[in-house]
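Q: Next comes the structure file work29.pdb, holding PDB, C-alpha atoms and all ligand atoms.
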ATOM      1  CA  MET X 829     108.441 110.870  86.767
ATOM      2  CA  HIS X 830     106.661 114.004  87.943
ATOM      3  CA  LEU X 831     104.187 113.018  90.648
ATOM      4  CA  LYS X 832     101.372 115.195  91.898
ATOM      5  CA  LYS X 833     102.433 116.571  95.274
ATOM      6  CA  LEU X 834     100.606 115.490  98.410
ATOM      7  CA  ILE X 835     100.307 117.517 101.594
ATOM      8  CA  ALA X 836      98.975 115.549 104.575
ATOM      9  CA  GLY X 837      98.204 116.971 108.003
ATOM     10  CA  ASN X 838      98.744 114.794 111.075
ATOM     11  CA  TRP X 839      96.789 116.394 113.880
ATOM     12  CA  LYS X 840      97.999 113.803 116.416
ATOM     13  CA  MET X 841      96.012 113.937 119.702
ATOM     14  CA  ASN X 842      94.715 117.449 119.086
ATOM     15  CA  LYS X 843      91.275 118.889 118.303
ATOM     16  CA  THR X 844      87.882 117.797 119.557
ATOM     17  CA  ALA X 845      85.227 116.895 117.000
ATOM     18  CA  GLY X 846      83.963 120.482 117.086
ATOM     19  CA  ASP X 847      87.376 122.137 116.850
ATOM     20  CA  GLY X 848      88.308 119.764 114.051
ATOM     21  CA  LEU X 849      85.162 120.600 112.138
ATOM     22  CA  ALA X 850      86.004 124.309 112.284
ATOM     23  CA  LEU X 851      89.609 123.800 111.174
ATOM     24  CA  ALA X 852      88.617 121.453 108.352
ATOM     25  CA  LYS X 853      86.019 123.945 107.118
ATOM     26  CA  ASP X 854      88.691 126.639 106.902
ATOM     27  CA  VAL X 855      91.044 124.311 104.997
ATOM     28  CA  VAL X 856      88.283 123.299 102.591
ATOM     29  CA  ALA X 857      87.307 126.931 101.993
ATOM     30  CA  ALA X 858      90.899 127.762 101.011
ATOM     31  CA  VAL X 859      92.084 124.698  99.078
ATOM     32  CA  GLY X 860      89.086 122.406  98.695
ATOM     33  CA  LYS X 861      88.506 123.217  95.040
ATOM     34  CA  GLN X 862      92.047 123.373  93.602
ATOM     35  CA  ASN X 863      93.421 120.394  91.761
ATOM     36  CA  GLU X 864      97.163 120.964  91.701
ATOM     37  CA  VAL X 865      97.958 119.279  95.010
ATOM     38  CA  ASP X 866      96.428 116.288  96.809
ATOM     39  CA  VAL X 867      95.436 117.218 100.354
ATOM     40  CA  VAL X 868      94.748 114.806 103.225
ATOM     41  CA  ILE X 869      93.696 115.644 106.788
ATOM     42  CA  CYS X 870      94.297 113.059 109.519
ATOM     43  CA  PRO X 871      92.368 113.996 112.674
ATOM     44  CA  PRO X 872      92.054 111.806 115.776
ATOM     45  CA  PHE X 873      89.464 108.989 115.517
ATOM     46  CA  THR X 874      86.889 110.992 117.462
ATOM     47  CA  ALA X 875      86.911 113.822 114.893
ATOM     48  CA  LEU X 876      86.825 111.642 111.759
ATOM     49  CA  GLU X 877      83.074 111.887 111.378
ATOM     50  CA  SER X 878      82.810 115.667 111.781
ATOM     51  CA  VAL X 879      85.866 116.346 109.611
ATOM     52  CA  GLY X 880      84.457 113.899 107.051
ATOM     53  CA  ARG X 881      81.327 116.052 106.827
ATOM     54  CA  ALA X 882      83.433 119.183 106.325
ATOM     55  CA  VAL X 883      85.511 117.729 103.473
ATOM     56  CA  GLU X 884      82.634 116.046 101.653
ATOM     57  CA  GLY X 885      82.398 117.261  98.053
ATOM     58  CA  SER X 886      85.877 118.842  98.152
ATOM     59  CA  VAL X 887      89.258 117.529  96.989
ATOM     60  CA  VAL X 888      90.390 117.165 100.606
ATOM     61  CA  ARG X 889      90.646 113.517 101.671
ATOM     62  CA  LEU X 890      90.265 112.005 105.119
ATOM     63  CA  GLY X 891      93.020 110.008 106.811
ATOM     64  CA  ALA X 892      93.364 108.152 110.120
ATOM     65  CA  GLN X 893      96.510 108.093 112.260
ATOM     66  CA  ASN X 894      96.598 104.373 113.006
ATOM     67  CA  MET X 895      94.475 101.222 112.835
ATOM     68  CA  HIS X 896      94.438  97.602 113.966
ATOM     69  CA  PRO X 897      95.258  94.996 111.297
ATOM     70  CA  GLU X 898      92.279  92.729 112.130
ATOM     71  CA  ALA X 899      88.804  93.551 110.815
ATOM     72  CA  GLN X 900      87.050  92.992 114.167
ATOM     73  CA  GLY X 901      87.362  91.109 117.435
ATOM     74  CA  ALA X 902      88.444  91.304 121.061
ATOM     75  CA  PHE X 903      90.918  94.178 120.750
ATOM     76  CA  THR X 904      89.774  96.683 123.363
ATOM     77  CA  GLY X 905      90.433 100.275 122.413
ATOM     78  CA  GLU X 906      91.341  99.538 118.803
ATOM     79  CA  VAL X 907      89.804 100.609 115.488
ATOM     80  CA  SER X 908      89.788  98.547 112.283
ATOM     81  CA  ALA X 909      90.092  99.294 108.582
ATOM     82  CA  PRO X 910      86.417  98.515 107.821
ATOM     83  CA  MET X 911      85.395 100.915 110.630
ATOM     84  CA  LEU X 912      87.528 103.627 109.013
ATOM     85  CA  ARG X 913      86.128 102.864 105.568
ATOM     86  CA  ALA X 914      82.605 103.264 106.947
ATOM     87  CA  LEU X 915      83.553 106.863 107.845
ATOM     88  CA  PHE X 916      84.849 107.488 104.288
ATOM     89  CA  VAL X 917      88.484 107.415 105.349
ATOM     90  CA  THR X 918      90.798 106.914 102.362
ATOM     91  CA  HIS X 919      94.298 107.121 103.904
ATOM     92  CA  VAL X 920      95.932 105.845 107.091
ATOM     93  CA  ILE X 921      99.237 106.847 108.690
ATOM     94  CA  LEU X 922     101.101 103.707 109.760
ATOM     95  CA  GLY X 923     104.300 103.231 111.747
ATOM     96  CA  HIS X 924     104.596 106.849 112.885
ATOM     97  CA  SER X 925     107.676 107.212 115.087
ATOM     98  CA  GLU X 926     105.468 108.089 118.074
ATOM     99  CA  ARG X 927     103.640 104.764 117.630
ATOM    100  CA  ARG X 928     106.954 102.950 117.360
ATOM    101  CA  SER X 929     108.665 104.620 120.317
ATOM    102  CA  LEU X 930     105.751 105.244 122.716
ATOM    103  CA  PHE X 931     103.519 102.256 121.933
ATOM    104  CA  GLY X 932     106.088  99.610 121.011
ATOM    105  CA  GLU X 933     105.057  99.110 117.397
ATOM    106  CA  THR X 934     107.446  96.734 115.670
ATOM    107  CA  ASP X 935     108.292  96.485 111.976
ATOM    108  CA  ALA X 936     106.277  93.231 111.869
ATOM    109  CA  ALA X 937     103.205  94.979 113.322
ATOM    110  CA  VAL X 938     103.567  97.821 110.838
ATOM    111  CA  ASN X 939     103.795  95.278 108.012
ATOM    112  CA  HIS X 940     100.513  93.610 109.115
ATOM    113  CA  LYS X 941      98.834  96.998 109.147
ATOM    114  CA  VAL X 942     100.162  97.940 105.711
ATOM    115  CA  LEU X 943      98.813  94.679 104.249
ATOM    116  CA  ALA X 944      95.468  95.172 106.002
ATOM    117  CA  ALA X 945      95.234  98.723 104.654
ATOM    118  CA  PHE X 946      95.679  97.512 101.063
ATOM    119  CA  LYS X 947      93.202  94.675 101.615
ATOM    120  CA  ASN X 948      90.632  97.276 102.627
ATOM    121  CA  GLN X 949      91.403  99.792  99.857
ATOM    122  CA  LEU X 950      93.016 102.263 102.272
ATOM    123  CA  LYS X 951      96.154 104.084 101.127
ATOM    124  CA  PRO X 952      98.913 103.628 103.722
ATOM    125  CA  ILE X 953     101.166 106.551 104.603
ATOM    126  CA  LEU X 954     104.076 104.480 105.889
ATOM    127  CA  CYS X 955     106.449 106.416 108.167
ATOM    128  CA  VAL X 956     110.140 105.585 108.400
ATOM    129  CA  GLY X 957     113.033 107.501 109.882
ATOM    130  CA  GLU X 958     116.060 107.428 112.136
ATOM    131  CA  SER X 959     116.577 108.767 115.660
ATOM    132  CA  LEU X 960     119.270 111.337 116.458
ATOM    133  CA  ALA X 961     121.495 108.627 117.987
ATOM    134  CA  GLU X 962     121.130 106.531 114.844
ATOM    135  CA  ARG X 963     122.026 109.470 112.588
ATOM    136  CA  GLU X 964     125.042 110.306 114.737
ATOM    137  CA  ALA X 965     126.148 106.680 114.600
ATOM    138  CA  GLY X 966     126.041 106.836 110.802
ATOM    139  CA  SER X 967     123.241 104.260 110.528
ATOM    140  CA  THR X 968     120.517 106.412 108.968
ATOM    141  CA  LEU X 969     120.330 104.524 105.675
ATOM    142  CA  LYS X 970     120.509 101.107 107.359
ATOM    143  CA  VAL X 971     117.632 102.004 109.710
ATOM    144  CA  VAL X 972     115.511 103.374 106.879
ATOM    145  CA  GLN X 973     116.277 100.317 104.760
ATOM    146  CA  THR X 974     115.243  97.858 107.472
ATOM    147  CA  GLN X 975     112.036  99.736 108.296
ATOM    148  CA  THR X 976     111.064 100.073 104.629
ATOM    149  CA  GLU X 977     111.856  96.510 103.578
ATOM    150  CA  ARG X 978     110.132  94.926 106.586
ATOM    151  CA  ALA X 979     107.042  97.114 106.295
ATOM    152  CA  LEU X 980     106.631  96.287 102.609
ATOM    153  CA  GLU X 981     106.974  92.506 102.814
ATOM    154  CA  GLY X 982     104.207  91.031 100.660
ATOM    155  CA  VAL X 983     103.373  94.331  98.912
ATOM    156  CA  GLY X 984     103.201  94.056  95.112
ATOM    157  CA  ALA X 985     104.006  96.415  92.268
ATOM    158  CA  ASP X 986     100.283  96.786  91.498
ATOM    159  CA  GLN X 987      99.838  98.505  94.879
ATOM    160  CA  ALA X 988     102.533 101.128  94.272
ATOM    161  CA  ALA X 989     100.226 103.897  93.081
ATOM    162  CA  SER X 990      98.333 103.678  96.396
ATOM    163  CA  LEU X 991     101.459 103.531  98.550
ATOM    164  CA  ILE X 992     102.802 106.651 100.218
ATOM    165  CA  ILE X 993     105.992 106.699 102.258
ATOM    166  CA  ALA X 994     106.864 109.473 104.687
ATOM    167  CA  TYR X 995     110.516 109.937 105.562
ATOM    168  CA  GLU X 996     110.453 111.500 109.008
ATOM    169  CA  PRO X 997     113.782 111.874 110.806
ATOM    170  CA  VAL X 998     112.709 111.459 114.434
ATOM    171  CA  TRP X 999     115.063 114.228 115.560
ATOM    172  CA  ALA X1000     113.188 116.695 113.329
ATOM    173  CA  ILE X1001     109.650 115.864 114.485
ATOM    174  CA  GLY X1002     108.137 118.597 116.614
ATOM    175  CA  THR X1003     111.581 119.926 117.478
ATOM    176  CA  GLY X1004     111.865 122.826 115.047
ATOM    177  CA  LYS X1005     115.031 121.167 113.696
ATOM    178  CA  VAL X1006     114.426 120.513 110.037
ATOM    179  CA  ALA X1007     116.568 118.269 107.868
ATOM    180  CA  THR X1008     118.386 120.276 105.220
ATOM    181  CA  ALA X1009     117.090 119.825 101.695
ATOM    182  CA  ASP X1010     120.259 117.868 100.865
ATOM    183  CA  GLN X1011     119.937 115.585 103.888
ATOM    184  CA  ALA X1012     116.298 114.877 103.047
ATOM    185  CA  GLN X1013     116.907 114.376  99.316
ATOM    186  CA  GLU X1014     119.725 111.912 100.045
ATOM    187  CA  VAL X1015     117.408 109.686 102.064
ATOM    188  CA  HIS X1016     114.486 110.112  99.650
ATOM    189  CA  ALA X1017     116.682 109.046  96.719
ATOM    190  CA  PHE X1018     117.861 106.072  98.783
ATOM    191  CA  ILE X1019     114.235 105.074  99.508
ATOM    192  CA  ARG X1020     113.423 105.402  95.793
ATOM    193  CA  GLY X1021     116.318 103.020  95.062
ATOM    194  CA  LEU X1022     114.989 100.535  97.635
ATOM    195  CA  LEU X1023     111.567 100.713  96.017
ATOM    196  CA  VAL X1024     113.103  99.920  92.639
ATOM    197  CA  LYS X1025     114.535  96.739  94.173
ATOM    198  CA  ILE X1026     111.305  95.831  95.976
ATOM    199  CA  LEU X1027     108.673  96.800  93.392
ATOM    200  CA  GLY X1028     110.554  97.282  90.116
ATOM    201  CA  GLU X1029     111.395 100.514  88.310
ATOM    202  CA  PRO X1030     108.019 101.670  86.900
ATOM    203  CA  ALA X1031     106.176 100.978  90.176
ATOM    204  CA  ALA X1032     108.882 102.680  92.262
ATOM    205  CA  GLN X1033     108.432 105.844  90.219
ATOM    206  CA  ARG X1034     104.735 105.928  91.143
ATOM    207  CA  VAL X1035     105.237 105.911  94.942
ATOM    208  CA  ARG X1036     105.036 109.301  96.577
ATOM    209  CA  ILE X1037     107.710 109.915  99.203
ATOM    210  CA  LEU X1038     106.779 112.703 101.633
ATOM    211  CA  TYR X1039     109.141 114.545 103.957
ATOM    212  CA  GLY X1040     108.018 115.081 107.560
ATOM    213  CA  GLY X1041     109.708 116.899 110.414
ATOM    214  CA  SER X1042     109.132 120.556 111.276
ATOM    215  CA  MET X1043     108.070 121.445 107.735
ATOM    216  CA  LYS X1044     106.609 124.941 107.704
ATOM    217  CA  PRO X1045     105.872 127.665 105.156
ATOM    218  CA  SER X1046     109.380 129.148 105.556
ATOM    219  CA  ASN X1047     111.261 125.961 104.640
ATOM    220  CA  ALA X1048     108.729 124.139 102.446
ATOM    221  CA  ALA X1049     109.656 125.496  99.024
ATOM    222  CA  GLU X1050     113.246 124.295  99.207
ATOM    223  CA  LEU X1051     112.325 120.858 100.511
ATOM    224  CA  LEU X1052     109.466 120.386  98.064
ATOM    225  CA  SER X1053     111.580 121.292  95.055
ATOM    226  CA  GLN X1054     113.946 118.339  95.626
ATOM    227  CA  LYS X1055     113.703 115.658  92.961
ATOM    228  CA  ASP X1056     112.475 112.831  95.193
ATOM    229  CA  ILE X1057     110.371 114.837  97.655
ATOM    230  CA  ASP X1058     106.773 114.431  96.554
ATOM    231  CA  GLY X1059     105.055 116.268  99.381
ATOM    232  CA  GLY X1060     104.964 116.664 103.132
ATOM    233  CA  LEU X1061     103.533 115.060 106.260
ATOM    234  CA  ILE X1062     102.838 117.982 108.529
ATOM    235  CA  GLY X1063     102.380 117.933 112.308
ATOM    236  CA  GLY X1064     102.486 121.265 114.133
ATOM    237  CA  ALA X1065     101.854 123.452 111.090
ATOM    238  CA  ALA X1066      98.696 121.446 110.259
ATOM    239  CA  LEU X1067      96.948 122.609 113.431
ATOM    240  CA  GLU X1068      96.197 126.041 112.015
ATOM    241  CA  ALA X1069      94.474 126.599 108.700
ATOM    242  CA  ARG X1070      96.739 129.454 107.702
ATOM    243  CA  SER X1071     100.043 127.597 107.876
ATOM    244  CA  PHE X1072      98.599 124.370 106.457
ATOM    245  CA  VAL X1073      97.048 126.210 103.513
ATOM    246  CA  GLU X1074     100.346 128.016 102.901
ATOM    247  CA  LEU X1075     102.066 124.639 102.669
ATOM    248  CA  VAL X1076      99.526 123.440 100.097
ATOM    249  CA  LYS X1077     100.167 126.618  98.128
ATOM    250  CA  ALA X1078     103.939 126.139  98.396
ATOM    251  CA  ALA X1079     103.529 122.629  96.968
ATOM    252  CA  ALA X1080     101.388 123.988  94.127
ATOM    253  CA  ALA X1081     104.041 126.574  93.300
ATOM    254  CA  VAL X1082     106.818 123.974  92.821
ATOM    255  CA  LYS X1083     107.219 123.100  89.176
TER     256      LYS X1083
HETATM  257  C1  LIG X1101     104.789 114.385 112.350
HETATM  258  O1  LIG X1101     104.666 114.072 113.508
HETATM  259  O2  LIG X1101     104.380 113.609 111.452
HETATM  260  C2  LIG X1101     105.431 115.664 112.030
HETATM  261  C3  LIG X1101     106.010 115.810 110.869
HETATM  262  O3  LIG X1101     105.398 116.626 113.015
HETATM  263  P1  LIG X1101     106.009 118.142 112.931
HETATM  264  O4  LIG X1101     105.621 118.707 111.599
HETATM  265  O5  LIG X1101     105.347 118.853 114.067
HETATM  266  O6  LIG X1101     107.475 118.001 113.087
END
Could you spell out this file's structure in structure tokens?

A:
Amino acid sequence: MHLKKLIAGNWKMNKTAGDGLALAKDVVAAVGKQNEVDVVICPPFTALESVGRAVEGSVVRLGAQNMHPEAQGAFTGEVSAPMLRALFVTHVILGHSERRSLFGETDAAVNHKVLAAFKNQLKPILCVGESLAEREAGSTLKVVQTQTERALEGVGADQAASLIIAYEPVWAIGTGKVATADQAQEVHAFIRGLLVKILGEPAAQRVRILYGGSMKPSNAAELLSQKDIDGGLIGGAALEARSFVELVKAAAAVK
């Protein structure tokens, strides 16, 4: 099935509310009216409101980078799905490798968040991917399988159209080392096969699987033209309007 491509920007812990507003305005001016590619911007929590104002009335959607699975309560420093919804957030990145490795997020925690996202009508962008040591040990597919299956426990076929998976080899994130198109396609096809087992064939064909890891304008076209690569999750290249917009245009150009 041909899925509409999705380009999502993960700003990580970058941009104040004011800087984010300026960047989002530039993105909206360039790609806010086109309809060929879905575009999501994921600023830090503190810039969600200002970026939300900038994208209002455009095709650009607002995403968060994390959330707590509970709706409210004694969870100091955390932010919940209803709080994100109140700021017109539509997407949420979950299980990013930085959350897993730096903040101890387990597969079980990611699963709770995925279920909470669906319960609150947020579209999860579920990140999976192997470390360099795991790739070198030949366990890439096993790692991706475990992360995907555990994160999707309790998810039904009716939720597939709102589910987005990002395959992000940890060794390619922020390192400038990009997976080759063949390496990425192999894992994307494997994830598609897992989704067939978990959700059934028609639903699996509706899930968008993004590639993430040093994607930039110079390597995007080849990655995005692979059969099972339905878009990109972009870190570094999302911090400047010019490169991010070029990636959206590269996705639009892939037939
Ligand atoms: C990311 O962290 O999601 C990412 C893909 O980062 P970068 O594009 O900088 O590798």

Q: May I have the residues at most 7 Å from (110.2, 119.5, 109.7) in the file's coordinates, counting only C-alpha atoms, as a ChimeraX atom specification?

A: /X:1000-1001,1004-1007,1040-1044

Q: Hey, which of X:Val855, X:Leu912, X:Val942, X:Cys955 ends up closest to X:Gly1060? Count all atoms listed in the file.

A: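 For X:Gly1060, the nearest of the candidates is X:Cys955.
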
Q: Which distance in Å separates atom CA of X:Asp854 and atom CA of X:Leu834, to one decimal?

A: 18.4 Å

Q: Please write as a ChimeraX atom specification the list of polymer residues whose atoms come within 7 Å of (92.4, 117.4, 104.5), counting only C-alpha atoms and keeping to the coordinates of the file.

A: /X:836-837,852,867-870,883,888-890

Q: Which residue, X:Leu1038, X:Val1015, X:Ala1066, X:Leu954, has the smallest gap to X:Lys832 when you use only C-alpha atoms?

A: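 Between X:Leu1038, X:Val1015, X:Ala1066, X:Leu954, the residue approaching X:Lys832 most closely is X:Leu1038.
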
Q: Hey, could you pull the box centre and edge lengths for stretch 1011-1016 of chain X, axis-aligned, 3 Å padding per side, all listed atoms, to one decimal in Å, as AutoDock Vina command-line options?

A:
--center_x 117.2 --center_y 112.6 --center_z 101.6 --size_x 11.5 --size_y 11.9 --size_z 10.6

Q: From the list X:Ala937, X:Ala945, X:Ala1081, X:Val879, which residue is nearest X:Pro910 when using all atoms listed in the file?

A: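 The closest residue to X:Pro910 is X:Ala945.
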
Q: I'd like the interatomic distance between atom CA of X:Val1076 and atom CA of X:Val865, to a tenth of an Å.

A: 6.8 Å

Q: Measuring atom to atom with all atoms listed in the file, identify which of X:Val907, X:Leu831, X:Ala857, X:Leu943 is nearest to X:Ser886.

A: X:Ala857

Q: Pick out the closest residue to X:Gly1059 from this set: X:Ala1032, X:Leu1023, X:Ile992, X:Leu849. Count only C-alpha atoms.

A: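 Counting only C-alpha atoms, the residue closest to X:Gly1059 is X:Ile992.
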
Q: As a PDB file with C-alpha atoms, in the frame of the given file, please: the residues near X:Thr844 (cut-off 9 Å, only C-alpha atoms, same-chain neighbours under 5 positions excluded).

A:
ATOM      1  CA  LEU X 849      85.162 120.600 112.138  1.00  0.00           C
ATOM      2  CA  PRO X 872      92.054 111.806 115.776  1.00  0.00           C
ATOM      3  CA  THR X 874      86.889 110.992 117.462  1.00  0.00           C
ATOM      4  CA  ALA X 875      86.911 113.822 114.893  1.00  0.00           C
TER       5      ALA X 875
END

Q: Would you please work out which residue, of X:Leu930, X:Ala985, X:Val920, X:Val998, is nearest to X:Lys1025 when using all atoms listed in the file?

A: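 Ranking X:Leu930, X:Ala985, X:Val920, X:Val998 by distance to X:Lys1025, first place goes to X:Ala985.
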
Q: In Å, how far is it from atom CA of X:Glu1014 to atom CA of X:Gln973?

A: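 Computing the Euclidean distance for atom CA of X:Glu1014 and atom CA of X:Gln973 yields 13.0 Å.
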
Q: Written as a PyMOL selection string, which residues does the PyMOL selection byres (((chain X and resi 915) around 8) and not hetatm) give for the file shown?

A: chain X and resi 876-877+880+911-914+916-917

Q: Carefully work through the PyMOL selection byres (((chain X and resi 1026-1029) around 12) and not hetatm) for this structure and note down the residues it includes, as a PyMOL selection string.

A: chain X and resi 829+973+976-989+991+1019-1025+1030-1035

Q: Could the residues in this selection be written to a file with C-alpha atoms, as a PDB file, in the frame of the given file?

A:
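Output saved as out_9.pdb:
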ATOM      1  CA  MET X 829     108.441 110.870  86.767  1.00  0.00           C
ATOM      2  CA  GLN X 973     116.277 100.317 104.760  1.00  0.00           C
ATOM      3  CA  THR X 976     111.064 100.073 104.629  1.00  0.00           C
ATOM      4  CA  GLU X 977     111.856  96.510 103.578  1.00  0.00           C
ATOM      5  CA  ARG X 978     110.132  94.926 106.586  1.00  0.00           C
ATOM      6  CA  ALA X 979     107.042  97.114 106.295  1.00  0.00           C
ATOM      7  CA  LEU X 980     106.631  96.287 102.609  1.00  0.00           C
ATOM      8  CA  GLU X 981     106.974  92.506 102.814  1.00  0.00           C
ATOM      9  CA  GLY X 982     104.207  91.031 100.660  1.00  0.00           C
ATOM     10  CA  VAL X 983     103.373  94.331  98.912  1.00  0.00           C
ATOM     11  CA  GLY X 984     103.201  94.056  95.112  1.00  0.00           C
ATOM     12  CA  ALA X 985     104.006  96.415  92.268  1.00  0.00           C
ATOM     13  CA  ASP X 986     100.283  96.786  91.498  1.00  0.00           C
ATOM     14  CA  GLN X 987      99.838  98.505  94.879  1.00  0.00           C
ATOM     15  CA  ALA X 988     102.533 101.128  94.272  1.00  0.00           C
ATOM     16  CA  ALA X 989     100.226 103.897  93.081  1.00  0.00           C
ATOM     17  CA  LEU X 991     101.459 103.531  98.550  1.00  0.00           C
ATOM     18  CA  ILE X1019     114.235 105.074  99.508  1.00  0.00           C
ATOM     19  CA  ARG X1020     113.423 105.402  95.793  1.00  0.00           C
ATOM     20  CA  GLY X1021     116.318 103.020  95.062  1.00  0.00           C
ATOM     21  CA  LEU X1022     114.989 100.535  97.635  1.00  0.00           C
ATOM     22  CA  LEU X1023     111.567 100.713  96.017  1.00  0.00           C
ATOM     23  CA  VAL X1024     113.103  99.920  92.639  1.00  0.00           C
ATOM     24  CA  LYS X1025     114.535  96.739  94.173  1.00  0.00           C
ATOM     25  CA  PRO X1030     108.019 101.670  86.900  1.00  0.00           C
ATOM     26  CA  ALA X1031     106.176 100.978  90.176  1.00  0.00           C
ATOM     27  CA  ALA X1032     108.882 102.680  92.262  1.00  0.00           C
ATOM     28  CA  GLN X1033     108.432 105.844  90.219  1.00  0.00           C
ATOM     29  CA  ARG X1034     104.735 105.928  91.143  1.00  0.00           C
ATOM     30  CA  VAL X1035     105.237 105.911  94.942  1.00  0.00           C
TER      31      VAL X1035
END
